[in-house]
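Written below as structure tokens is the structure these notes are about.
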Amino acid sequence: MLGTMNATRSPRPPTRTDRLLAALGGVLSGYVALAVADLLAGRIRREAGPVTAVGDVLVDRTPSAVEQWAIRTFGESDKAVLMLGILLVLGLIAAALGVLALRHRAAAAAGILGFGVIGALAAVSRPDSDSALDAVPSLVGAVAGAVLLYVLIGRLLAPGAGELPEAAARGDRRSFLVVAAATGLAATAAAALGRAAGTPAGEGVTASRRALRLPRPVSPAPAVPPGAQLDVPGIGPFITPNKDFYRVDTALVVPGVDADDWRLRVHGEGVRRELSLTLPELMSRPVVERDITLACVSNEVGGDLVGNARWLGVRLADLLREAGVRPPSEGGPADQLVARSVDGMTIGTPVEDVMDGRDSLLAFGMNGEPLPLDHGFPVRMIVPGLYGYVSACKWIESIELTTFDAYDAYWVPRGWAARAPVKTQSRIDTPRALARLDAGTVMIAGVAWAQHRGIARVEVRVDDGPWRQARLGTEDSRDTWRQWVHPWQAGPGRHTLTVRATDGAGVTQPERRTDTMPDGAAGWHSVVVTVGGS
Ligand SMILES: Nc1nc2c(c(=O)[nH]1)N[C@H]1C(S)=C(S)[C@@H](COP(=O)(O)O)O[C@H]1N2
Ligand SMILES: [Mo]
């Protein structure tokens, strides 16, 4: 079909240079395939891009142990690392297909098409895909890549027209390089123009967030008491700024939900009046403002997957009452509330916890702003005292009342506990691990949290010495963390500093370290420091 067919002369045998160029041609074809796919995904749906779609499938299928390792090793860059990994593997395969094309041109081109089919399948099998259109970016991109590979390799091995072999090879390579450079440049330019022009997916949502006006709370949070923030260098802010708030979710592309299109459905067992609310309807209910600390179950002892924010929203318990829901303690049939997000996440929360009087929220405000896109815009759940994966559904779109027996939410079949109240934790923020200090007074300080039970006491121990009570910052609420500080007269040598907290129920953190899986890490945090003579 493409390239010069010549039945009488066969292509010259490939040299090492040809193989190198063919590998390059393979990579270029793969690149063009992805650039075309990206251009189309920008028009259709960002999530339908092949790398994102395949990445999402990998995220969903990855064994929890690997996922844990990735979060531990790469932290918040875990998603970028995954995408780079996919690109690297694709690049190697594309190079191999290029070399294969020297002998089997059609088969190699078909190989690229095969990857297009994989990308298309991944895109349409996403829980948030509702149209076969999502297959288009991968398929069209693959066709472009396959045709290019076929043409390029055809150029490289064009049957010589009677010239000397060396001259023929030079001519072939020049022709190959011209086509390669031209398509490479064209694809890059098209992709860049596509990104710059028009409204890329996601633009409208940013505008929708900017236009959103938050209502005033009928029940505002009192000002944070001045003594809650300790004045110790090295200790973080009591309220975590949005830009520094940790982010944990499975979404490779942040879901873009327009506030005008958003609706929340409340349905299921024991719901007497189903609800379907728009954002203005939700905001017209009594709005409250609360300080609540959120923690991730994947947070290691001493880790930073925990943050404290001022949330604005509607009490979820009120909304459930409005729907006629009764908690199990009042004879309600449903003990689990399953929140679903627009990207297909499911999060199961005990109905009893949500309705026991605590400030469980459907939040739309975070620290005085509409929720940032990556923290769940326009609406998310927050339940004080429960880890995020069993309570804090971002980009929420429905709430179903059911039972723990009848339904396992996303993380449960992956080995995480169905019920997971936060464990009491304390962390030393200063001095840092392995710090070198001068002898004299050293402020040991950090935070402790036991949401909804509160922190009653924090104790610090140096080496095998006695436990000494730290001074606690003023309590903001039982649902927030508490800062603490302990002055230490540091003498020369290596020292191990250890902290432990006791919660409002009188329970002290156990010494024994346990893994984050299945229901949150336990154990004391310690750091080793070296004090020089002075
Ligand atoms: N839709 C959705 N909501 C989600 C998650 C997710 O992957 N998808 N992750 C949960 C987890 S594990 C945690 S710890 C919190 C984190 O919220 P943040 O990213 O705003 O800190 O969100 C929860 N809500
Ligand atoms: Mo989490």
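Just remember, in the structure tokens the first chain shown is A, the second B, etc., residues are 1-based per chain, and ligands are 1-based in the order shown.
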> Quick one: residues within 7 Å of ligand 2, with only C-alpha atoms and all ligand atoms, as a PyMOL selection string?
Replying inline: chain A and resi 248+295-298+387-389
Closest atom pairs, chain A residues within 9 Å of ligand 1, only C-alpha atoms and all ligand atoms, as CSV:
residue,atom,partner,partner_atom_place_in_ligand_line,distance
A:Phe245,CA,ligand 1,21 (O),6.1
A:Tyr246,CA,ligand 1,21 (O),4.7
A:Arg247,CA,ligand 1,19 (O),3.3
A:Val248,CA,ligand 1,19 (O),4.2
A:Asp249,CA,ligand 1,7 (O),3.0
A:Thr250,CA,ligand 1,7 (O),4.2
A:Ala251,CA,ligand 1,7 (O),6.3
A:Pro255,CA,ligand 1,1 (N),8.5
A:Leu294,CA,ligand 1,21 (O),7.0
A:Ala295,CA,ligand 1,14 (S),5.8
A:Cys296,CA,ligand 1,14 (S),3.6
A:Val297,CA,ligand 1,14 (S),6.4
A:Ser298,CA,ligand 1,14 (S),7.5
A:Asn299,CA,ligand 1,14 (S),8.6
A:Leu305,CA,ligand 1,14 (S),7.4
A:Val306,CA,ligand 1,21 (O),7.4
A:Gly307,CA,ligand 1,21 (O),7.3
A:Ala339,CA,ligand 1,1 (N),8.8
A:Arg340,CA,ligand 1,1 (N),7.2
A:Ser341,CA,ligand 1,1 (N),4.7
A:Val342,CA,ligand 1,1 (N),7.1
A:Asp343,CA,ligand 1,1 (N),6.3
A:Gly344,CA,ligand 1,1 (N),7.1
A:Met345,CA,ligand 1,1 (N),4.9
A:Thr346,CA,ligand 1,1 (N),7.3
A:Ile347,CA,ligand 1,3 (N),7.5
A:Leu371,CA,ligand 1,20 (O),9.0
A:Pro372,CA,ligand 1,20 (O),8.7
A:Asp374,CA,ligand 1,19 (O),6.7
A:His375,CA,ligand 1,20 (O),4.0
A:Gly376,CA,ligand 1,20 (O),6.7
A:Arg380,CA,ligand 1,3 (N),7.8
A:Met381,CA,ligand 1,24 (N),8.0
A:Ile382,CA,ligand 1,22 (O),8.9
A:Tyr387,CA,ligand 1,14 (S),6.3
A:Gly388,CA,ligand 1,13 (C),3.8
A:Tyr389,CA,ligand 1,12 (S),3.8
A:Val390,CA,ligand 1,10 (C),7.5
A:Ser391,CA,ligand 1,23 (C),7.0
A:Ala392,CA,ligand 1,23 (C),4.6
A:Cys393,CA,ligand 1,24 (N),3.9
A:Lys394,CA,ligand 1,3 (N),3.9
A:Trp395,CA,ligand 1,1 (N),5.5
A:Ile396,CA,ligand 1,1 (N),6.6
A:Trp411,CA,ligand 1,12 (S),8.8
> Got a sec: who's within 12 Å of region 89-93 of chain A, counting only C-alpha atoms, leaving out chain neighbours fewer than 2 positions off, as an NGL selection string?
Replying inline: :A and (23-34 or 50-51 or 54 or 82-87 or 95-100 or 108 or 111-112 or 114-116 or 119)
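Of the residues listed (A:Ala37, A:Val462, A:Leu282, A:Ala334), A:Leu282 shows the shortest atom-to-atom separation from Gly313 (chain A); distances use only C-alpha atoms.
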> Please, which residues of region 50-236 of chain A, numbered as in this document, come out alpha helix (DSSP H) from DSSP, as a ChimeraX atom specification?
Replying inline: /A:50-61,64-74,78-101,105-124,136-156,165-196,203-211
